$ cat my_file.tsv   # TSV, C-alpha atoms
chain	number	residue	atom	x	y	z
P	1	MET	CA	93.71	-69.46	93.52
P	2	LYS	CA	95.58	-72.02	91.45
P	3	LYS	CA	92.73	-72.03	88.91
P	4	ARG	CA	92.82	-68.25	88.61
P	5	ILE	CA	96.63	-68.27	88.07
P	6	LEU	CA	96.35	-71.07	85.48
P	7	SER	CA	93.54	-69.20	83.71
P	8	ALA	CA	95.61	-66.01	83.62
P	9	MET	CA	98.62	-67.90	82.24
P	10	LEU	CA	96.48	-69.51	79.53
P	11	SER	CA	95.07	-66.10	78.58
P	12	LEU	CA	98.57	-64.64	78.29
P	13	ALA	CA	99.69	-67.60	76.19
P	14	MET	CA	96.74	-67.19	73.83
P	15	ALA	CA	97.39	-63.46	73.50
P	16	ALA	CA	101.05	-64.10	72.71
P	17	THR	CA	100.06	-66.66	70.07
P	18	LEU	CA	97.60	-64.25	68.48
P	19	PHE	CA	100.20	-61.46	68.48
P	20	ALA	CA	102.79	-63.73	66.84
P	21	GLY	CA	100.25	-64.78	64.25
P	22	CYS	CA	99.51	-61.17	63.32
P	23	GLY	CA	103.09	-59.94	63.20
P	24	GLY	CA	105.14	-63.06	62.49
P	25	GLY	CA	107.68	-63.07	59.66
P	26	ASP	CA	106.17	-65.97	57.72
P	27	SER	CA	102.47	-65.17	57.92
P	28	ALA	CA	100.46	-64.46	54.78
P	29	GLY	CA	101.17	-60.91	53.69
P	30	GLY	CA	103.97	-60.55	56.25
P	31	LYS	CA	107.69	-60.23	55.72
P	32	ALA	CA	109.62	-63.32	54.73
P	33	GLY	CA	113.03	-62.39	56.12
P	34	GLY	CA	112.52	-63.22	59.76
P	35	ASP	CA	115.86	-62.90	61.53
P	36	LYS	CA	117.97	-63.76	58.46
P	37	LYS	CA	120.85	-61.51	57.47
P	38	VAL	CA	122.24	-61.05	53.95
P	39	GLY	CA	125.82	-59.91	53.37
P	40	VAL	CA	126.29	-57.73	50.28
P	41	ALA	CA	129.93	-57.19	49.25
P	42	MET	CA	130.37	-54.44	46.62
P	43	PRO	CA	133.67	-53.47	44.98
P	44	THR	CA	133.81	-49.67	45.18
P	45	GLN	CA	131.95	-46.40	45.63
P	46	SER	CA	134.15	-44.67	43.05
P	47	SER	CA	131.69	-45.67	40.31
P	48	GLU	CA	128.14	-44.38	40.48
P	49	ARG	CA	126.63	-47.65	39.29
P	50	TRP	CA	127.94	-49.66	42.26
P	51	ILE	CA	126.50	-47.12	44.70
P	52	ASN	CA	123.13	-47.53	42.98
P	53	ASP	CA	123.40	-51.32	42.90
P	54	GLY	CA	124.12	-51.53	46.61
P	55	ALA	CA	121.41	-49.06	47.60
P	56	ASN	CA	118.78	-50.75	45.41
P	57	MET	CA	119.57	-54.21	46.73
P	58	LYS	CA	119.66	-53.12	50.37
P	59	SER	CA	116.30	-51.40	50.00
P	60	GLU	CA	114.60	-54.37	48.31
P	61	LEU	CA	116.01	-56.93	50.77
P	62	GLU	CA	114.95	-54.85	53.76
P	63	LYS	CA	111.42	-54.59	52.34
P	64	LEU	CA	111.32	-58.40	52.52
P	65	GLY	CA	112.35	-58.27	56.17
P	66	TYR	CA	115.99	-59.27	55.85
P	67	GLU	CA	118.76	-57.54	57.76
P	68	VAL	CA	121.42	-56.34	55.31
P	69	ASP	CA	125.15	-55.87	55.85
P	70	LEU	CA	126.26	-53.77	52.84
P	71	GLN	CA	130.00	-53.20	52.52
P	72	TYR	CA	132.16	-51.43	49.91
P	73	ALA	CA	135.84	-52.36	49.63
P	74	GLU	CA	137.02	-49.35	47.56
P	75	ASP	CA	138.86	-51.62	45.10
P	76	ASP	CA	141.06	-52.98	47.91
P	77	VAL	CA	141.18	-56.75	47.42
P	78	GLN	CA	142.29	-57.59	50.97
P	79	MET	CA	139.64	-55.29	52.41
P	80	GLN	CA	136.97	-57.23	50.50
P	81	VAL	CA	138.36	-60.54	51.79
P	82	SER	CA	138.20	-59.21	55.37
P	83	GLN	CA	134.69	-57.86	54.88
P	84	ILE	CA	133.43	-61.23	53.65
P	85	GLU	CA	135.20	-63.06	56.49
P	86	ASN	CA	133.46	-60.75	58.96
P	87	MET	CA	130.10	-61.37	57.30
P	88	ILE	CA	130.60	-65.13	57.62
P	89	ALA	CA	131.64	-64.76	61.27
P	90	SER	CA	128.56	-62.62	61.97
P	91	GLY	CA	126.29	-65.43	60.80
P	92	VAL	CA	124.86	-64.18	57.51
P	93	SER	CA	122.41	-66.56	55.84
P	94	CYS	CA	123.42	-65.65	52.27
P	95	LEU	CA	126.22	-63.73	50.53
P	96	VAL	CA	125.93	-61.53	47.45
P	97	ILE	CA	129.38	-60.74	46.04
P	98	ALA	CA	130.44	-58.32	43.30
P	99	SER	CA	134.13	-59.10	43.35
P	100	ILE	CA	137.15	-56.88	42.81
P	101	ASP	CA	139.46	-59.80	41.98
P	102	SER	CA	137.65	-63.12	42.27
P	103	SER	CA	140.89	-65.12	42.31
P	104	ALA	CA	141.60	-63.62	45.74
P	105	LEU	CA	138.25	-64.80	47.12
P	106	VAL	CA	138.57	-68.55	46.55
P	107	ASN	CA	139.56	-69.37	50.14
P	108	VAL	CA	136.95	-67.15	51.80
P	109	GLU	CA	134.29	-68.60	49.47
P	110	ALA	CA	135.34	-72.07	50.61
P	111	GLN	CA	134.81	-70.91	54.23
P	112	ALA	CA	131.29	-69.79	53.32
P	113	LYS	CA	130.52	-73.13	51.69
P	114	GLU	CA	131.80	-74.99	54.73
P	115	ALA	CA	129.53	-72.85	56.91
P	116	GLY	CA	126.56	-73.67	54.66
P	117	ILE	CA	126.19	-70.12	53.38
P	118	PRO	CA	125.02	-69.89	49.73
P	119	ILE	CA	126.76	-67.35	47.47
P	120	ILE	CA	125.26	-65.38	44.60
P	121	ALA	CA	127.72	-63.69	42.25
P	122	TYR	CA	126.56	-60.21	41.28
P	123	ASP	CA	127.48	-58.86	37.83
P	124	ARG	CA	131.02	-60.24	38.08
P	125	LEU	CA	131.47	-63.99	37.84
P	126	LEU	CA	133.29	-65.64	40.74
P	127	MET	CA	136.00	-67.75	39.13
P	128	ASP	CA	137.65	-71.05	40.13
P	129	THR	CA	135.19	-71.97	42.88
P	130	ASP	CA	132.38	-74.47	43.36
P	131	ALA	CA	131.01	-72.42	46.28
P	132	VAL	CA	128.93	-70.09	44.08
P	133	SER	CA	125.28	-71.09	43.64
P	134	TYR	CA	123.98	-68.57	41.09
P	135	TYR	CA	124.98	-65.55	39.02
P	136	ALA	CA	122.92	-62.41	38.30
P	137	THR	CA	124.31	-60.22	35.53
P	138	PHE	CA	123.72	-58.44	32.29
P	139	ASP	CA	124.51	-60.25	29.05
P	140	ASN	CA	128.18	-59.22	29.03
P	141	LYS	CA	129.01	-60.50	25.57
P	142	GLY	CA	125.79	-58.79	24.49
P	143	VAL	CA	127.13	-55.50	25.90
P	144	GLY	CA	130.19	-55.82	23.67
P	145	THR	CA	128.08	-56.83	20.69
P	146	ALA	CA	125.87	-53.75	21.23
P	147	ILE	CA	128.93	-51.47	21.30
P	148	GLY	CA	130.34	-53.10	18.17
P	149	LYS	CA	127.03	-52.87	16.31
P	150	TYR	CA	126.63	-49.22	17.27
P	151	ILE	CA	130.01	-48.42	15.71
P	152	GLU	CA	129.20	-50.55	12.66
P	153	GLU	CA	125.84	-48.87	12.07
P	154	LYS	CA	126.61	-45.24	12.93
P	155	LYS	CA	129.83	-45.23	10.91
P	156	ASP	CA	128.22	-47.32	8.13
P	157	LEU	CA	131.17	-49.69	8.05
P	158	PRO	CA	129.64	-51.88	5.31
P	159	GLY	CA	129.33	-48.74	3.15
P	160	ALA	CA	132.91	-47.68	3.92
P	161	GLN	CA	134.03	-51.22	3.12
P	162	SER	CA	132.37	-51.07	-0.31
P	163	ALA	CA	133.79	-47.62	-1.03
P	164	GLY	CA	137.31	-48.54	0.08
P	165	GLU	CA	137.24	-45.94	2.86
P	166	ASN	CA	138.58	-46.37	6.40
P	167	TYR	CA	138.32	-45.03	9.95
P	168	THR	CA	140.95	-44.95	12.68
P	169	ILE	CA	140.08	-46.66	15.96
P	170	GLU	CA	141.65	-47.32	19.36
P	171	PHE	CA	140.41	-49.72	22.04
P	172	PHE	CA	140.00	-49.24	25.80
P	173	MET	CA	138.85	-52.52	27.34
P	174	GLY	CA	138.02	-53.55	30.91
P	175	SER	CA	139.97	-55.01	33.80
P	176	PRO	CA	141.83	-58.30	33.22
P	177	ASP	CA	140.70	-59.62	36.63
P	178	ASP	CA	137.03	-59.18	35.66
P	179	ASN	CA	135.64	-62.05	33.59
P	180	ASN	CA	132.98	-59.72	32.17
P	181	ALA	CA	135.64	-57.58	30.51
P	182	LYS	CA	136.87	-60.45	28.34
P	183	MET	CA	133.33	-61.39	27.36
P	184	LEU	CA	132.61	-57.78	26.42
P	185	TYR	CA	135.79	-57.69	24.33
P	186	ASP	CA	134.75	-60.90	22.57
P	187	GLY	CA	131.38	-59.33	21.74
P	188	VAL	CA	133.02	-56.17	20.35
P	189	MET	CA	135.47	-58.13	18.22
P	190	GLU	CA	132.82	-60.50	16.90
P	191	VAL	CA	131.40	-57.44	15.13
P	192	LEU	CA	134.53	-55.37	14.38
P	193	GLN	CA	137.29	-57.91	13.66
P	194	PRO	CA	136.31	-58.38	9.97
P	195	TYR	CA	136.63	-54.61	9.45
P	196	LEU	CA	140.05	-54.62	11.14
P	197	ASP	CA	141.11	-57.54	8.95
P	198	ASP	CA	140.20	-55.83	5.67
P	199	GLY	CA	141.46	-52.35	6.60
P	200	THR	CA	138.09	-50.62	6.94
P	201	LEU	CA	139.10	-49.98	10.56
P	202	VAL	CA	142.72	-48.99	11.17
P	203	CYS	CA	144.23	-49.20	14.66
P	204	LYS	CA	147.44	-47.18	14.30
P	205	SER	CA	148.81	-48.24	17.70
P	206	GLY	CA	148.39	-51.88	16.71
P	207	ARG	CA	146.91	-52.58	20.13
P	208	THR	CA	143.84	-54.68	19.40
P	209	SER	CA	144.22	-57.80	21.58
P	210	PHE	CA	142.51	-57.99	24.96
P	211	ASP	CA	145.88	-58.19	26.73
P	212	ASP	CA	147.05	-55.01	24.97
P	213	THR	CA	143.88	-53.00	25.57
P	214	CYS	CA	142.67	-54.09	29.03
P	215	ILE	CA	142.87	-51.53	31.84
P	216	LEU	CA	143.37	-52.80	35.40
P	217	ARG	CA	140.58	-51.98	37.90
P	218	TRP	CA	138.71	-50.06	35.20
P	219	SER	CA	140.94	-47.02	35.90
P	220	GLN	CA	139.84	-43.72	34.35
P	221	GLU	CA	143.32	-42.30	34.90
P	222	THR	CA	144.98	-45.16	32.99
P	223	ALA	CA	142.48	-44.76	30.13
P	224	GLN	CA	143.35	-41.06	29.91
P	225	GLN	CA	147.08	-41.79	29.98
P	226	ASN	CA	146.73	-44.47	27.28
P	227	CYS	CA	144.73	-42.09	25.09
P	228	GLU	CA	147.28	-39.31	25.56
P	229	ASN	CA	150.03	-41.71	24.54
P	230	TYR	CA	148.12	-42.86	21.44
P	231	LEU	CA	147.37	-39.30	20.35
P	232	THR	CA	150.98	-38.22	20.79
P	233	GLY	CA	152.54	-41.32	19.27
P	234	PHE	CA	150.21	-42.12	16.37
P	235	TYR	CA	147.79	-39.28	15.66
P	236	ALA	CA	149.95	-36.18	15.30
P	237	ASP	CA	149.11	-35.93	11.59
P	238	GLU	CA	145.75	-37.74	11.47
P	239	ASP	CA	142.64	-37.59	13.65
P	240	LEU	CA	141.37	-40.43	15.78
P	241	ASP	CA	137.88	-41.30	14.48
P	242	ILE	CA	136.63	-43.85	17.04
P	243	ALA	CA	137.48	-44.51	20.70
P	244	CYS	CA	135.99	-47.91	21.44
P	245	SER	CA	135.61	-47.69	25.21
P	246	ALA	CA	134.12	-50.35	27.47
P	247	PHE	CA	133.16	-48.03	30.35
P	248	ASP	CA	131.88	-44.50	30.94
P	249	GLY	CA	134.83	-43.82	33.26
P	250	PHE	CA	137.19	-44.53	30.36
P	251	ALA	CA	135.15	-42.15	28.20
P	252	TYR	CA	135.74	-39.34	30.72
P	253	GLY	CA	139.50	-39.96	30.57
P	254	ILE	CA	139.44	-40.12	26.77
P	255	LYS	CA	137.47	-36.84	26.65
P	256	ALA	CA	140.09	-35.14	28.85
P	257	ALA	CA	142.92	-36.46	26.65
P	258	LEU	CA	141.22	-35.26	23.47
P	259	GLU	CA	140.57	-31.81	24.93
P	260	GLY	CA	144.23	-31.65	25.98
P	261	ALA	CA	145.27	-32.52	22.43
P	262	GLY	CA	143.13	-29.70	20.99
P	263	TYR	CA	140.22	-31.69	19.56
P	264	THR	CA	137.05	-29.64	18.97
P	265	ASP	CA	133.51	-30.30	17.77
P	266	ALA	CA	134.84	-30.21	14.21
P	267	ASN	CA	136.99	-33.33	14.62
P	268	TRP	CA	135.56	-34.90	17.78
P	269	PRO	CA	135.63	-38.73	17.51
P	270	MET	CA	132.96	-41.28	18.33
P	271	ILE	CA	133.34	-42.37	21.96
P	272	THR	CA	131.47	-45.37	23.37
P	273	GLY	CA	130.82	-46.30	26.99
P	274	GLN	CA	128.98	-48.52	29.43
P	275	ASP	CA	126.74	-47.95	32.49
P	276	ALA	CA	124.87	-44.78	31.43
P	277	GLU	CA	126.23	-42.87	34.42
P	278	LEU	CA	124.68	-39.45	35.00
P	279	MET	CA	127.80	-37.64	33.76
P	280	ALA	CA	127.94	-39.90	30.69
P	281	VAL	CA	124.35	-39.08	29.74
P	282	LYS	CA	125.10	-35.36	30.18
P	283	ASN	CA	128.13	-35.84	27.88
P	284	ILE	CA	125.92	-37.65	25.36
P	285	ILE	CA	123.51	-34.71	25.37
P	286	SER	CA	126.39	-32.24	24.87
P	287	GLY	CA	127.98	-34.36	22.12
P	288	LYS	CA	131.17	-35.25	24.02
P	289	GLN	CA	130.25	-38.96	24.25
P	290	SER	CA	128.42	-40.81	21.49
P	291	MET	CA	126.67	-43.58	23.39
P	292	SER	CA	126.60	-45.71	26.50
P	293	ILE	CA	125.18	-49.08	27.43
P	294	TYR	CA	122.24	-48.57	29.74
P	295	LYS	CA	122.09	-51.27	32.39
P	296	ASP	CA	119.12	-50.62	34.65
P	297	THR	CA	120.64	-51.50	38.01
P	298	ARG	CA	117.15	-51.48	39.54
P	299	LEU	CA	116.28	-54.44	37.34
P	300	LEU	CA	119.48	-56.34	38.14
P	301	ALA	CA	119.21	-55.67	41.87
P	302	ALA	CA	115.58	-56.80	41.86
P	303	LYS	CA	116.51	-60.01	40.02
P	304	CYS	CA	119.30	-60.73	42.52
P	305	VAL	CA	116.91	-60.13	45.43
P	306	THR	CA	114.49	-62.72	44.03
P	307	MET	CA	117.45	-65.14	43.83
P	308	VAL	CA	118.34	-64.48	47.48
P	309	GLN	CA	114.74	-64.97	48.56
P	310	ALA	CA	114.40	-68.22	46.60
P	311	VAL	CA	117.65	-69.61	48.01
P	312	LEU	CA	116.72	-68.75	51.59
P	313	GLU	CA	113.23	-70.22	51.19
P	314	GLY	CA	114.53	-73.43	49.63
P	315	ALA	CA	113.09	-72.67	46.18
P	316	GLU	CA	114.67	-72.57	42.71
P	317	PRO	CA	115.33	-69.04	41.38
P	318	GLU	CA	114.53	-68.12	37.78
P	319	ILE	CA	117.45	-68.90	35.44
P	320	ASN	CA	117.83	-68.18	31.72
P	321	ASP	CA	121.40	-69.34	31.03
P	322	THR	CA	123.04	-72.63	31.98
P	323	GLU	CA	125.86	-72.69	29.40
P	324	GLN	CA	127.86	-69.46	29.07
P	325	TYR	CA	129.33	-68.97	32.51
P	326	ASN	CA	131.93	-71.65	33.18
P	327	ASN	CA	134.11	-70.38	36.02
P	328	GLY	CA	136.79	-73.06	35.68
P	329	LYS	CA	135.17	-75.31	38.28
P	330	ILE	CA	131.48	-75.36	37.41
P	331	VAL	CA	129.03	-73.86	34.95
P	332	VAL	CA	127.18	-71.34	37.11
P	333	PRO	CA	123.39	-71.13	36.58
P	334	SER	CA	122.72	-67.52	35.63
P	335	TYR	CA	120.07	-64.93	34.93
P	336	LEU	CA	121.05	-62.44	32.22
P	337	CYS	CA	119.35	-59.05	31.96
P	338	THR	CA	119.31	-57.32	28.56
P	339	PRO	CA	121.47	-54.19	28.02
P	340	VAL	CA	120.30	-51.27	25.86
P	341	ALA	CA	122.47	-48.90	23.79
P	342	VAL	CA	121.51	-45.26	24.42
P	343	ASP	CA	122.50	-42.13	22.55
P	344	LYS	CA	121.12	-38.67	21.76
P	345	ASP	CA	118.22	-40.20	19.84
P	346	ASN	CA	116.77	-42.48	22.53
P	347	TYR	CA	118.06	-41.42	25.96
P	348	GLN	CA	114.80	-39.55	26.64
P	349	LYS	CA	112.66	-42.63	26.00
P	350	GLU	CA	114.90	-45.18	27.70
P	351	ILE	CA	116.33	-43.25	30.64
P	352	VAL	CA	114.16	-40.23	31.42
P	353	ASP	CA	110.75	-41.73	30.60
P	354	GLY	CA	111.86	-44.91	32.36
P	355	GLY	CA	112.48	-42.93	35.55
P	356	TYR	CA	116.20	-43.68	35.84
P	357	TYR	CA	117.20	-39.99	35.76
P	358	THR	CA	115.02	-36.89	35.76
P	359	GLU	CA	115.25	-33.94	33.38
P	360	GLU	CA	116.31	-31.85	36.38
P	361	GLN	CA	119.26	-34.16	37.14
P	362	LEU	CA	120.42	-34.04	33.53
P	363	ALA	CA	120.13	-30.24	33.46
P	364	GLU	CA	122.20	-29.63	36.60

$ encode --input "my_file.tsv" --output "structure tokens"
Amino acid sequence: MKKRILSAMLSLAMAATLFAGCGGGDSAGGKAGGDKKVGVAMPTQSSERWINDGANMKSELEKLGYEVDLQYAEDDVQMQVSQIENMIASGVSCLVIASIDSSALVNVEAQAKEAGIPIIAYDRLLMDTDAVSYYATFDNKGVGTAIGKYIEEKKDLPGAQSAGENYTIEFFMGSPDDNNAKMLYDGVMEVLQPYLDDGTLVCKSGRTSFDDTCILRWSQETAQQNCENYLTGFYADEDLDIACSAFDGFAYGIKAALEGAGYTDANWPMITGQDAELMAVKNIISGKQSMSIYKDTRLLAAKCVTMVQAVLEGAEPEINDTEQYNNGKIVVPSYLCTPVAVDKDNYQKEIVDGGYYTEEQLAE
């Protein structure tokens, strides 16, 4: 009897081993996540790109077998702090953070470090902390450079310079609590400052510094109000030629302000943007926005996922920048994806043919 019981127990043990071998998280061809959970803290759902970022990352991480806690803080700094605290308390194995205001996260990041939880900054650098391990982003100065070069080329600023002609321009730059915004501004001004200095570009408001042109929390409403004020105060007798905008949301506000001031196709200015949101691409097609910076969030999310996987498996993620991103405490090893300027001429090739939006979406 004892032999039969022992034999049955051994058979059950062998079956359990075989079952674990077939379905286990770390077997060849199986999922790598096991029981690990990843906390993903996103800033807001008010911008289409963050919704896409979060959805893409959640999907890719879950394919690898990780549990994902995806939270949006709706641009409420304290809500984001609480969300991250809850993620730490729930025992996440890794944190991905796209911050609202990174200065408010220093203490909660220190808690994560103390708990041994690695942090990957996502598209917004986490400042003044040594708790961040890596940074996945687009080349933010490159975004600004692309905007500046678009203006330079499409308005033929070298030609205007030679002919002694000028264009009026106003600037709408990103949030002062977002390190990316300053880098973008630096990229824009690296291209355009010489034309401002010699009078080829004329900013009638005089607001050209980052401090004078930055817009807190990337607010569309503030961009519209600023544009309305500029048009009323400085452009009653002369048209605005260029609205140098750092974000598609700003472009929507600028468009509304221009329409309110009576601008038509005949005197519609160049308007730039960033993120290639669906509405922005529709506006590009209709001529109400000149260009946007296309940042394929699928690419960025996929790159961040490979970082998470490497960190959790004890490997080194792929890095292509170890110099640019000094957060005041450390230089954060980073991977920079390349942004692409899109306009009427190339949106079909870059965005539609690339599968980012369909013709049907753009026609709705």

$ residues_near_point --input "my_file.tsv" --point "(145.7, -53.7, 16.9)" --cutoff "10 Å" --atoms "only C-alpha atoms" --output "ChimeraX atom specification"
/P:169-171,193,196-197,201-210,212-213

$ residues_around --input "my_file.tsv" --residues "Glu238 (chain P)" --least-positions-apart "3" --cutoff "9 Å" --atoms "all atoms listed in the file" --output "mmCIF file with C-alpha atoms, keeping the file's coordinate frame"
data_model
loop_
_atom_site.group_PDB
_atom_site.id
_atom_site.type_symbol
_atom_site.label_atom_id
_atom_site.label_comp_id
_atom_site.auth_asym_id
_atom_site.auth_seq_id
_atom_site.Cartn_x
_atom_site.Cartn_y
_atom_site.Cartn_z
ATOM 1 C CA THR P 168 140.950 -44.950 12.680
ATOM 2 C CA PHE P 234 150.210 -42.120 16.370
ATOM 3 C CA TYR P 235 147.790 -39.280 15.660
#

$ residues_around --input "my_file.tsv" --residues "Leu231 (chain P)" --least-positions-apart "4" --cutoff "9 Å" --atoms "all atoms listed in the file" --output "PyMOL selection string"
chain P and resi 226-227+235-236+239-240+257-258+261

$ write_last_selection --input "my_file.tsv" --atoms "C-alpha atoms" --output "compact mmCIF listing (two decimals), in the frame of the given file"
# COMPACT_ATOMS: atom_id res chain seq x y z
CA ASN P 226 146.73 -44.47 27.28
CA CYS P 227 144.73 -42.09 25.09
CA TYR P 235 147.79 -39.28 15.66
CA ALA P 236 149.95 -36.18 15.30
CA ASP P 239 142.64 -37.59 13.65
CA LEU P 240 141.37 -40.43 15.78
CA ALA P 257 142.92 -36.46 26.65
CA LEU P 258 141.22 -35.26 23.47
CA ALA P 261 145.27 -32.52 22.43

$ atom_distance --input "my_file.tsv" --atom1 "CA of Ala246 (chain P)" --atom2 "CA of Thr137 (chain P)"
16.1 Å

$ residues_around --input "my_file.tsv" --residues "Ser286 (chain P)" --least-positions-apart "4" --cutoff "9 Å" --atoms "all atoms listed in the file" --output "list in words"
Val281, Lys282 and Lys344 of chain P

$ residues_around --input "my_file.tsv" --residues "Pro194 (chain P)" --least-positions-apart "3" --cutoff "12 Å" --atoms "all atoms listed in the file" --output "ChimeraX atom specification"
/P:148,152,157-158,161,188-191,197-202

$ closest_residue --input "my_file.tsv" --among "P:Pro269, P:Gly249, P:Gly354, P:Pro333" --to "Pro317 (chain P)" --atoms "all atoms listed in the file"
P:Pro333

$ closest_residue --input "my_file.tsv" --among "P:Ala280, P:Ala41, P:Glu48, P:Ala89" --to "Leu70 (chain P)" --atoms "all atoms listed in the file"
P:Ala41

$ residues_around --input "my_file.tsv" --residues "Ile147 (chain P)" --least-positions-apart "4" --cutoff "12 Å" --atoms "all atoms listed in the file" --output "ChimeraX atom specification"
/P:140-143,151-154,171,173,184-192,242-247,270-275,290-294,339-343

$ atom_distance --input "my_file.tsv" --atom1 "CA of Ser99 (chain P)" --atom2 "CA of Gln289 (chain P)"
28.0 Å

$ closest_residue --input "my_file.tsv" --among "P:Gly355, P:Gly116, P:Gly39, P:Pro176" --to "Met87 (chain P)" --atoms "all atoms listed in the file"
P:Gly39

$ atom_distance --input "my_file.tsv" --atom1 "CA of Leu95 (chain P)" --atom2 "CA of Ala276 (chain P)"
26.9 Å
